[in-house]
$ cat model-v8.pdb   # PDB, C-alpha atoms
ATOM      1  CA  MET R  14      -6.101 -52.280 -38.867
ATOM      2  CA  THR R  15      -4.192 -55.558 -39.138
ATOM      3  CA  TYR R  16      -5.087 -58.419 -41.473
ATOM      4  CA  LYS R  17      -4.829 -62.003 -40.273
ATOM      5  CA  LEU R  18      -3.863 -64.604 -42.848
ATOM      6  CA  TYR R  19      -4.129 -68.350 -42.334
ATOM      7  CA  TYR R  20      -1.048 -69.538 -44.145
ATOM      8  CA  ALA R  21       0.832 -72.638 -45.326
ATOM      9  CA  ASP R  22       3.933 -72.835 -47.493
ATOM     10  CA  GLY R  23       3.389 -74.053 -51.036
ATOM     11  CA  THR R  24      -0.231 -72.897 -51.164
ATOM     12  CA  ALA R  25      -2.077 -69.944 -52.678
ATOM     13  CA  SER R  26      -1.713 -68.179 -49.330
ATOM     14  CA  MET R  27       1.823 -67.301 -50.421
ATOM     15  CA  GLY R  28       0.409 -65.195 -53.255
ATOM     16  CA  VAL R  29      -1.889 -63.342 -50.873
ATOM     17  CA  ARG R  30       1.038 -62.705 -48.537
ATOM     18  CA  VAL R  31       3.037 -61.223 -51.431
ATOM     19  CA  LEU R  32       0.097 -58.934 -52.164
ATOM     20  CA  LEU R  33      -0.040 -57.817 -48.535
ATOM     21  CA  GLU R  34       3.685 -57.055 -48.727
ATOM     22  CA  GLU R  35       3.158 -55.017 -51.902
ATOM     23  CA  ILE R  36       0.353 -53.090 -50.222
ATOM     24  CA  GLY R  37       2.427 -52.518 -47.111
ATOM     25  CA  ALA R  38      -0.455 -53.327 -44.795
ATOM     26  CA  PRO R  39       0.262 -54.832 -41.373
ATOM     27  CA  TYR R  40      -0.655 -58.482 -41.158
ATOM     28  CA  GLU R  41      -0.402 -61.464 -38.858
ATOM     29  CA  LEU R  42       0.383 -64.939 -40.156
ATOM     30  CA  VAL R  43      -1.304 -67.944 -38.606
ATOM     31  CA  GLN R  44       0.575 -71.061 -39.646
ATOM     32  CA  THR R  45      -1.686 -73.947 -40.550
ATOM     33  CA  THR R  46      -1.712 -76.997 -42.798
ATOM     34  CA  THR R  47      -3.678 -78.480 -45.670
ATOM     35  CA  ASP R  48      -3.040 -82.008 -44.390
ATOM     36  CA  ARG R  49      -6.421 -83.413 -43.411
ATOM     37  CA  GLN R  50      -4.696 -85.891 -41.111
ATOM     38  CA  LYS R  51      -3.391 -83.028 -38.954
ATOM     39  CA  PRO R  52      -5.402 -80.669 -36.753
ATOM     40  CA  ARG R  53      -6.289 -77.276 -38.180
ATOM     41  CA  PRO R  54      -7.421 -74.198 -36.255
ATOM     42  CA  ALA R  55     -11.126 -74.173 -35.456
ATOM     43  CA  GLU R  56     -11.427 -70.565 -36.633
ATOM     44  CA  GLN R  57     -10.009 -71.500 -40.051
ATOM     45  CA  LEU R  58     -12.468 -74.373 -40.454
ATOM     46  CA  LYS R  59     -15.385 -72.240 -39.313
ATOM     47  CA  ILE R  60     -14.667 -69.720 -42.082
ATOM     48  CA  ASN R  61     -13.743 -72.264 -44.728
ATOM     49  CA  PRO R  62     -15.135 -75.733 -43.973
ATOM     50  CA  ASN R  63     -13.143 -77.078 -46.936
ATOM     51  CA  GLY R  64     -10.071 -76.720 -44.764
ATOM     52  CA  TRP R  65      -8.111 -74.903 -47.459
ATOM     53  CA  VAL R  66      -6.004 -71.771 -47.282
ATOM     54  CA  PRO R  67      -5.755 -68.857 -47.688
ATOM     55  CA  VAL R  68      -8.264 -67.525 -45.207
ATOM     56  CA  LEU R  69      -8.156 -63.767 -44.609
ATOM     57  CA  LEU R  70      -9.636 -61.898 -41.651
ATOM     58  CA  TRP R  71      -9.961 -58.167 -40.959
ATOM     59  CA  ASP R  72     -12.107 -56.216 -38.527
ATOM     60  CA  ASP R  73     -15.090 -58.552 -37.950
ATOM     61  CA  THR R  74     -15.099 -59.981 -41.470
ATOM     62  CA  ALA R  75     -13.444 -62.919 -43.208
ATOM     63  CA  MET R  76     -13.218 -64.564 -46.605
ATOM     64  CA  TYR R  77     -11.544 -67.368 -48.528
ATOM     65  CA  GLU R  78     -10.591 -67.979 -52.199
ATOM     66  CA  CYS R  79      -7.347 -66.455 -53.439
ATOM     67  CA  ALA R  80      -8.784 -64.727 -56.512
ATOM     68  CA  ALA R  81     -11.513 -63.091 -54.430
ATOM     69  CA  MET R  82      -8.945 -61.858 -51.909
ATOM     70  CA  THR R  83      -6.795 -60.480 -54.703
ATOM     71  CA  ILE R  84      -9.642 -58.408 -56.109
ATOM     72  CA  PHE R  85     -10.754 -57.308 -52.646
ATOM     73  CA  LEU R  86      -7.299 -56.185 -51.489
ATOM     74  CA  CYS R  87      -6.579 -54.327 -54.721
ATOM     75  CA  ASP R  88      -9.890 -52.492 -54.519
ATOM     76  CA  ARG R  89      -9.443 -51.741 -50.813
ATOM     77  CA  HIS R  90      -6.006 -50.231 -51.432
ATOM     78  CA  PRO R  91      -6.410 -48.459 -54.794
ATOM     79  CA  GLU R  92      -3.510 -46.101 -54.059
ATOM     80  CA  LYS R  93      -1.099 -49.005 -54.677
ATOM     81  CA  ASN R  94      -2.213 -49.307 -58.333
ATOM     82  CA  LEU R  95      -2.218 -53.096 -58.293
ATOM     83  CA  ALA R  96      -5.400 -53.373 -60.371
ATOM     84  CA  PRO R  97      -7.246 -51.249 -62.918
ATOM     85  CA  ALA R  98     -10.023 -49.116 -61.483
ATOM     86  CA  ILE R  99     -13.553 -50.460 -61.836
ATOM     87  CA  ASP R 100     -14.272 -48.268 -64.865
ATOM     88  CA  ALA R 101     -10.791 -48.558 -66.449
ATOM     89  CA  PRO R 102     -10.370 -50.267 -69.854
ATOM     90  CA  GLY R 103      -8.089 -52.975 -68.432
ATOM     91  CA  ARG R 104     -10.499 -54.014 -65.690
ATOM     92  CA  SER R 105     -12.206 -56.707 -67.754
ATOM     93  CA  ARG R 106      -8.896 -58.343 -68.702
ATOM     94  CA  PHE R 107      -7.773 -58.227 -65.069
ATOM     95  CA  LEU R 108     -10.912 -59.964 -63.801
ATOM     96  CA  GLN R 109     -10.979 -62.421 -66.679
ATOM     97  CA  THR R 110      -7.397 -63.488 -66.030
ATOM     98  CA  LEU R 111      -7.830 -63.950 -62.281
ATOM     99  CA  VAL R 112     -10.955 -66.054 -62.739
ATOM    100  CA  TYR R 113      -9.235 -68.126 -65.441
ATOM    101  CA  PHE R 114      -6.289 -68.730 -63.133
ATOM    102  CA  SER R 115      -8.620 -69.811 -60.353
ATOM    103  CA  SER R 116     -11.150 -71.851 -62.303
ATOM    104  CA  SER R 117      -9.047 -73.373 -65.083
ATOM    105  CA  VAL R 118      -5.323 -73.371 -64.279
ATOM    106  CA  GLN R 119      -5.742 -74.281 -60.621
ATOM    107  CA  THR R 120      -8.258 -76.997 -61.475
ATOM    108  CA  ALA R 121      -5.725 -78.486 -63.869
ATOM    109  CA  PHE R 122      -3.202 -78.604 -61.033
ATOM    110  CA  GLN R 123      -5.792 -80.276 -58.803
ATOM    111  CA  LEU R 124      -6.338 -83.026 -61.376
ATOM    112  CA  ASP R 125      -2.729 -84.042 -60.806
ATOM    113  CA  TYR R 126      -2.064 -83.195 -57.164
ATOM    114  CA  HIS R 127      -5.507 -84.236 -55.892
ATOM    115  CA  ALA R 128      -6.618 -86.827 -58.436
ATOM    116  CA  HIS R 129      -8.783 -88.602 -55.842
ATOM    117  CA  ARG R 130     -11.244 -85.692 -56.065
ATOM    118  CA  PHE R 131     -11.897 -86.488 -59.729
ATOM    119  CA  ALA R 132     -11.720 -90.289 -59.857
ATOM    120  CA  ASP R 133     -14.239 -92.894 -58.765
ATOM    121  CA  THR R 134     -11.569 -95.357 -57.633
ATOM    122  CA  PRO R 135      -7.811 -95.237 -56.948
ATOM    123  CA  THR R 136      -7.204 -97.162 -60.177
ATOM    124  CA  ASP R 137      -8.792 -94.278 -62.101
ATOM    125  CA  GLU R 138      -6.534 -91.640 -60.573
ATOM    126  CA  PRO R 139      -3.649 -91.969 -63.090
ATOM    127  CA  SER R 140      -6.093 -91.142 -65.875
ATOM    128  CA  ALA R 141      -7.158 -87.975 -64.057
ATOM    129  CA  GLN R 142      -3.517 -87.032 -63.552
ATOM    130  CA  ARG R 143      -2.700 -87.489 -67.228
ATOM    131  CA  ARG R 144      -5.646 -85.291 -68.125
ATOM    132  CA  GLY R 145      -4.354 -82.733 -65.640
ATOM    133  CA  HIS R 146      -0.976 -82.678 -67.367
ATOM    134  CA  ARG R 147      -2.601 -82.098 -70.737
ATOM    135  CA  ARG R 148      -4.904 -79.473 -69.309
ATOM    136  CA  LEU R 149      -1.982 -77.620 -67.746
ATOM    137  CA  ARG R 150      -0.346 -77.365 -71.163
ATOM    138  CA  GLU R 151      -3.594 -76.153 -72.686
ATOM    139  CA  THR R 152      -4.291 -73.508 -70.042
ATOM    140  CA  TRP R 153      -0.737 -72.194 -69.782
ATOM    141  CA  GLN R 154      -0.599 -71.885 -73.558
ATOM    142  CA  ILE R 155      -3.759 -69.764 -73.455
ATOM    143  CA  ILE R 156      -2.082 -67.431 -70.951
ATOM    144  CA  ASP R 157       1.185 -67.360 -72.892
ATOM    145  CA  ASP R 158      -0.673 -66.376 -76.059
ATOM    146  CA  GLN R 159      -2.686 -63.759 -74.161
ATOM    147  CA  ILE R 160       0.499 -62.122 -72.876
ATOM    148  CA  GLY R 161       2.121 -61.953 -76.298
ATOM    149  CA  ASP R 162       4.599 -59.081 -76.437
ATOM    150  CA  ASN R 163       3.182 -57.338 -73.362
ATOM    151  CA  LYS R 164       5.616 -56.364 -70.628
ATOM    152  CA  TRP R 165       3.081 -57.512 -68.040
ATOM    153  CA  ILE R 166      -0.210 -59.393 -68.271
ATOM    154  CA  LEU R 167      -2.184 -56.150 -68.630
ATOM    155  CA  GLY R 168       0.359 -54.399 -70.829
ATOM    156  CA  ASP R 169       2.805 -51.836 -69.475
ATOM    157  CA  GLN R 170       1.336 -51.779 -65.954
ATOM    158  CA  PHE R 171       2.385 -54.294 -63.298
ATOM    159  CA  SER R 172      -0.615 -55.711 -61.433
ATOM    160  CA  ALA R 173      -1.698 -58.304 -58.915
ATOM    161  CA  ALA R 174      -2.418 -60.617 -61.861
ATOM    162  CA  ASP R 175       1.353 -60.886 -62.384
ATOM    163  CA  ILE R 176       1.780 -61.917 -58.750
ATOM    164  CA  TYR R 177      -0.896 -64.576 -59.204
ATOM    165  CA  LEU R 178       0.835 -65.839 -62.352
ATOM    166  CA  PHE R 179       4.160 -66.130 -60.531
ATOM    167  CA  MET R 180       2.561 -68.029 -57.665
ATOM    168  CA  LEU R 181       1.076 -70.580 -60.059
ATOM    169  CA  THR R 182       4.366 -71.111 -61.888
ATOM    170  CA  THR R 183       5.997 -72.199 -58.621
ATOM    171  CA  TRP R 184       3.632 -75.168 -58.563
ATOM    172  CA  LEU R 185       4.873 -76.612 -61.869
ATOM    173  CA  GLU R 186       6.715 -79.937 -61.494
ATOM    174  CA  PRO R 187       7.938 -81.338 -64.832
ATOM    175  CA  SER R 188       9.167 -84.460 -63.013
ATOM    176  CA  ARG R 189       5.489 -85.405 -62.547
ATOM    177  CA  GLY R 190       4.725 -84.991 -66.240
ATOM    178  CA  GLN R 191       3.605 -81.396 -65.966
ATOM    179  CA  PRO R 192       4.933 -78.866 -68.493
ATOM    180  CA  ALA R 193       8.087 -76.899 -67.741
ATOM    181  CA  ILE R 194       7.870 -73.145 -67.539
ATOM    182  CA  HIS R 195      10.312 -72.707 -70.435
ATOM    183  CA  GLU R 196       7.619 -74.124 -72.735
ATOM    184  CA  PHE R 197       5.818 -70.804 -72.257
ATOM    185  CA  PRO R 198       8.398 -68.053 -72.860
ATOM    186  CA  ASN R 199       6.030 -65.138 -72.245
ATOM    187  CA  VAL R 200       4.914 -66.625 -68.947
ATOM    188  CA  GLN R 201       8.517 -67.238 -67.939
ATOM    189  CA  ARG R 202       9.539 -63.697 -68.841
ATOM    190  CA  ILE R 203       6.928 -62.234 -66.511
ATOM    191  CA  ALA R 204       7.586 -64.789 -63.761
ATOM    192  CA  ASP R 205      11.312 -63.975 -63.871
ATOM    193  CA  ALA R 206      10.547 -60.257 -63.539
ATOM    194  CA  VAL R 207       8.122 -60.776 -60.657
ATOM    195  CA  MET R 208      10.690 -62.950 -58.881
ATOM    196  CA  LEU R 209      12.968 -59.921 -58.497
ATOM    197  CA  ARG R 210      10.451 -57.873 -56.526
ATOM    198  CA  PRO R 211      11.300 -57.424 -52.819
ATOM    199  CA  SER R 212       7.843 -58.654 -51.815
ATOM    200  CA  VAL R 213       8.408 -61.975 -53.577
ATOM    201  CA  GLN R 214      11.911 -62.365 -52.204
ATOM    202  CA  CYS R 215      10.521 -61.738 -48.712
ATOM    203  CA  VAL R 216       7.816 -64.404 -48.994
ATOM    204  CA  TYR R 217       9.451 -67.042 -51.160
ATOM    205  CA  GLY R 218      13.154 -66.558 -50.413
ATOM    206  CA  GLU R 219      15.009 -69.831 -50.772
ATOM    207  CA  LYS R 220      11.778 -71.584 -51.766
ATOM    208  CA  ILE R 221      12.150 -70.114 -55.256
ATOM    209  CA  ILE R 222      13.444 -72.791 -57.605
ATOM    210  CA  ASP R 223      15.029 -71.783 -60.898
TER     211      ASP R 223
END

$ encode --input "model-v8.pdb" --output "structure tokens"
Amino acid sequence: MTYKLYYADGTASMGVRVLLEEIGAPYELVQTTTDRQKPRPAEQLKINPNGWVPVLLWDDTAMYECAAMTIFLCDRHPEKNLAPAIDAPGRSRFLQTLVYFSSSVQTAFQLDYHAHRFADTPTDEPSAQRRGHRRLRETWQIIDDQIGDNKWILGDQFSAADIYLFMLTTWLEPSRGQPAIHEFPNVQRIADAVMLRPSVQCVYGEKIID
């Protein structure tokens, strides 16, 4: 069984690809774009009318949303130990963190990168961006405090949540007014460790910026 992943550099599809590499499952990449001015595959748009990636297909089924894919792939390949089992004590923290990444941290990024989605007029967009910058500091601080002295997000066990964290850190651009990763030392410590994994080097390669 081979997965098919609709994929574009710089998007959350990179995190899903890292996860597929960690799992060791065969997969096919379908290069696409998030640029609404450029054509996108009809199959991608049929599955996700928003036009976003990642989109994952297997057998006769498909899904979108990075956090959902992360949970699904971890549960489908439990032998890889990339997530706590459903009845394990760390399961609640795992799910909580993924949903927070998706609903809070990523929304803060959208306020800056896609301000038009949150502003009535173009003149209002800078206000949305400034709020995004503040919200990024707020949300990353929450994660940094949650990590504390843990080796990984969930404690001593590496998980897919650490991959998701790394992916999000690659989106930070201090030159835009966003916080720098060094403002969150616990986040940076985990991101630096994840960066060394062969799966991350395979997917990100020279795209990784120190």

$ atom_distance --input "model-v8.pdb" --atom1 "CA of Phe131 in chain R" --atom2 "CA of Leu178 in chain R"
24.4 Å

$ resolve_selection --input "model-v8.pdb" --expression "the PyMOL selection byres ((chain R and resi 88-96) around 10)" --output "tab-separated table (two decimals) with C-alpha atoms, in the frame of the given file"
chain	number	residue	atom	x	y	z
R	32	LEU	CA	0.10	-58.93	-52.16
R	35	GLU	CA	3.16	-55.02	-51.90
R	36	ILE	CA	0.35	-53.09	-50.22
R	37	GLY	CA	2.43	-52.52	-47.11
R	38	ALA	CA	-0.46	-53.33	-44.80
R	82	MET	CA	-8.94	-61.86	-51.91
R	83	THR	CA	-6.80	-60.48	-54.70
R	84	ILE	CA	-9.64	-58.41	-56.11
R	85	PHE	CA	-10.75	-57.31	-52.65
R	86	LEU	CA	-7.30	-56.18	-51.49
R	87	CYS	CA	-6.58	-54.33	-54.72
R	97	PRO	CA	-7.25	-51.25	-62.92
R	98	ALA	CA	-10.02	-49.12	-61.48
R	99	ILE	CA	-13.55	-50.46	-61.84
R	101	ALA	CA	-10.79	-48.56	-66.45
R	103	GLY	CA	-8.09	-52.98	-68.43
R	104	ARG	CA	-10.50	-54.01	-65.69
R	107	PHE	CA	-7.77	-58.23	-65.07
R	108	LEU	CA	-10.91	-59.96	-63.80
R	167	LEU	CA	-2.18	-56.15	-68.63
R	170	GLN	CA	1.34	-51.78	-65.95
R	171	PHE	CA	2.38	-54.29	-63.30
R	172	SER	CA	-0.62	-55.71	-61.43
R	173	ALA	CA	-1.70	-58.30	-58.92
R	174	ALA	CA	-2.42	-60.62	-61.86
R	175	ASP	CA	1.35	-60.89	-62.38
R	176	ILE	CA	1.78	-61.92	-58.75

$ residues_around --input "model-v8.pdb" --residues "range 154-158 of chain R" --least-positions-apart "4" --cutoff "12 Å" --atoms "only C-alpha atoms" --output "PyMOL selection string"
chain R and resi 106+109-111+113-114+117-118+147-150+162-163+165-167+174-175+178+181-182+192-204

$ closest_residue --input "model-v8.pdb" --among "R:Gln50, R:Gly64, R:Ala141, R:Lys164" --to "His129 in chain R" --atoms "all atoms listed in the file"
R:Ala141

$ residues_around --input "model-v8.pdb" --residues "Leu124 in chain R" --least-positions-apart "4" --cutoff "10 Å" --atoms "only C-alpha atoms" --output "mmCIF file with C-alpha atoms, in the coordinates of the input"
data_model
loop_
_atom_site.group_PDB
_atom_site.id
_atom_site.type_symbol
_atom_site.label_atom_id
_atom_site.label_comp_id
_atom_site.auth_asym_id
_atom_site.auth_seq_id
_atom_site.Cartn_x
_atom_site.Cartn_y
_atom_site.Cartn_z
ATOM 1 C CA GLN R 119 -5.742 -74.281 -60.621
ATOM 2 C CA THR R 120 -8.258 -76.997 -61.475
ATOM 3 C CA ALA R 128 -6.618 -86.827 -58.436
ATOM 4 C CA HIS R 129 -8.783 -88.602 -55.842
ATOM 5 C CA ARG R 130 -11.244 -85.692 -56.065
ATOM 6 C CA PHE R 131 -11.897 -86.488 -59.729
ATOM 7 C CA ALA R 132 -11.720 -90.289 -59.857
ATOM 8 C CA GLU R 138 -6.534 -91.640 -60.573
ATOM 9 C CA PRO R 139 -3.649 -91.969 -63.090
ATOM 10 C CA SER R 140 -6.093 -91.142 -65.875
ATOM 11 C CA ALA R 141 -7.158 -87.975 -64.057
ATOM 12 C CA GLN R 142 -3.517 -87.032 -63.552
ATOM 13 C CA ARG R 143 -2.700 -87.489 -67.228
ATOM 14 C CA ARG R 144 -5.646 -85.291 -68.125
ATOM 15 C CA GLY R 145 -4.354 -82.733 -65.640
ATOM 16 C CA HIS R 146 -0.976 -82.678 -67.367
ATOM 17 C CA ARG R 148 -4.904 -79.473 -69.309
ATOM 18 C CA LEU R 149 -1.982 -77.620 -67.746
#

$ closest_residue --input "model-v8.pdb" --among "R:Leu185, R:Val43, R:Met180, R:Ala55" --to "Met27 in chain R" --atoms "only C-alpha atoms"
R:Met180

$ resolve_selection --input "model-v8.pdb" --expression "the PyMOL selection byres ((chain R and resi 71) around 10)" --output "list of chain:residue names"
R:Met14, R:Thr15, R:Tyr16, R:Lys17, R:Leu18, R:Tyr40, R:Leu69, R:Leu70, R:Asp72, R:Asp73, R:Thr74, R:Ala75, R:Met76

$ atom_distance --input "model-v8.pdb" --atom1 "CA of Cys79 in chain R" --atom2 "CA of Gly190 in chain R"
25.6 Å

$ atom_distance --input "model-v8.pdb" --atom1 "CA of Thr47 in chain R" --atom2 "CA of Phe122 in chain R"
15.4 Å

$ build_atoms --input "model-v8.pdb" --residues "range 18-35 of chain R" --atoms "N, CA and C atoms" --output "short mmCIF file (atom, residue, chain, number, x, y, z; two decimals), keeping the file's coordinate frame"
data_model
loop_
_atom_site.label_atom_id
_atom_site.label_comp_id
_atom_site.auth_asym_id
_atom_site.auth_seq_id
_atom_site.Cartn_x
_atom_site.Cartn_y
_atom_site.Cartn_z
N LEU R 18 -3.89 -63.68 -41.72
CA LEU R 18 -3.86 -64.60 -42.85
C LEU R 18 -3.51 -66.00 -42.38
N TYR R 19 -4.44 -66.94 -42.57
CA TYR R 19 -4.13 -68.35 -42.33
C TYR R 19 -3.28 -68.83 -43.51
N TYR R 20 -2.14 -69.44 -43.18
CA TYR R 20 -1.05 -69.54 -44.14
C TYR R 20 -0.36 -70.90 -44.07
N ALA R 21 0.02 -71.42 -45.26
CA ALA R 21 0.83 -72.64 -45.33
C ALA R 21 1.73 -72.53 -46.54
N ASP R 22 2.99 -72.88 -46.38
CA ASP R 22 3.93 -72.83 -47.49
C ASP R 22 3.45 -73.72 -48.64
N GLY R 23 3.72 -73.27 -49.86
CA GLY R 23 3.39 -74.05 -51.04
C GLY R 23 1.95 -73.90 -51.50
N THR R 24 1.18 -73.07 -50.82
CA THR R 24 -0.23 -72.90 -51.16
C THR R 24 -0.47 -71.50 -51.73
N ALA R 25 -1.71 -71.25 -52.14
CA ALA R 25 -2.08 -69.94 -52.68
C ALA R 25 -1.98 -68.84 -51.63
N SER R 26 -1.88 -69.21 -50.37
CA SER R 26 -1.71 -68.18 -49.33
C SER R 26 -0.41 -67.41 -49.51
N MET R 27 0.56 -68.01 -50.18
CA MET R 27 1.82 -67.30 -50.42
C MET R 27 1.59 -66.12 -51.36
N GLY R 28 0.72 -66.29 -52.35
CA GLY R 28 0.41 -65.19 -53.26
C GLY R 28 -0.29 -64.05 -52.55
N VAL R 29 -1.20 -64.38 -51.64
CA VAL R 29 -1.89 -63.34 -50.87
C VAL R 29 -0.91 -62.62 -49.96
N ARG R 30 0.03 -63.35 -49.39
CA ARG R 30 1.04 -62.70 -48.54
C ARG R 30 1.90 -61.74 -49.35
N VAL R 31 2.29 -62.14 -50.57
CA VAL R 31 3.04 -61.22 -51.43
C VAL R 31 2.24 -59.95 -51.67
N LEU R 32 0.96 -60.09 -51.92
CA LEU R 32 0.10 -58.93 -52.16
C LEU R 32 0.04 -58.03 -50.94
N LEU R 33 -0.05 -58.61 -49.76
CA LEU R 33 -0.04 -57.82 -48.54
C LEU R 33 1.28 -57.07 -48.38
N GLU R 34 2.38 -57.73 -48.77
CA GLU R 34 3.68 -57.06 -48.73
C GLU R 34 3.72 -55.90 -49.71
N GLU R 35 3.19 -56.09 -50.90
CA GLU R 35 3.16 -55.02 -51.90
C GLU R 35 2.33 -53.84 -51.40
#
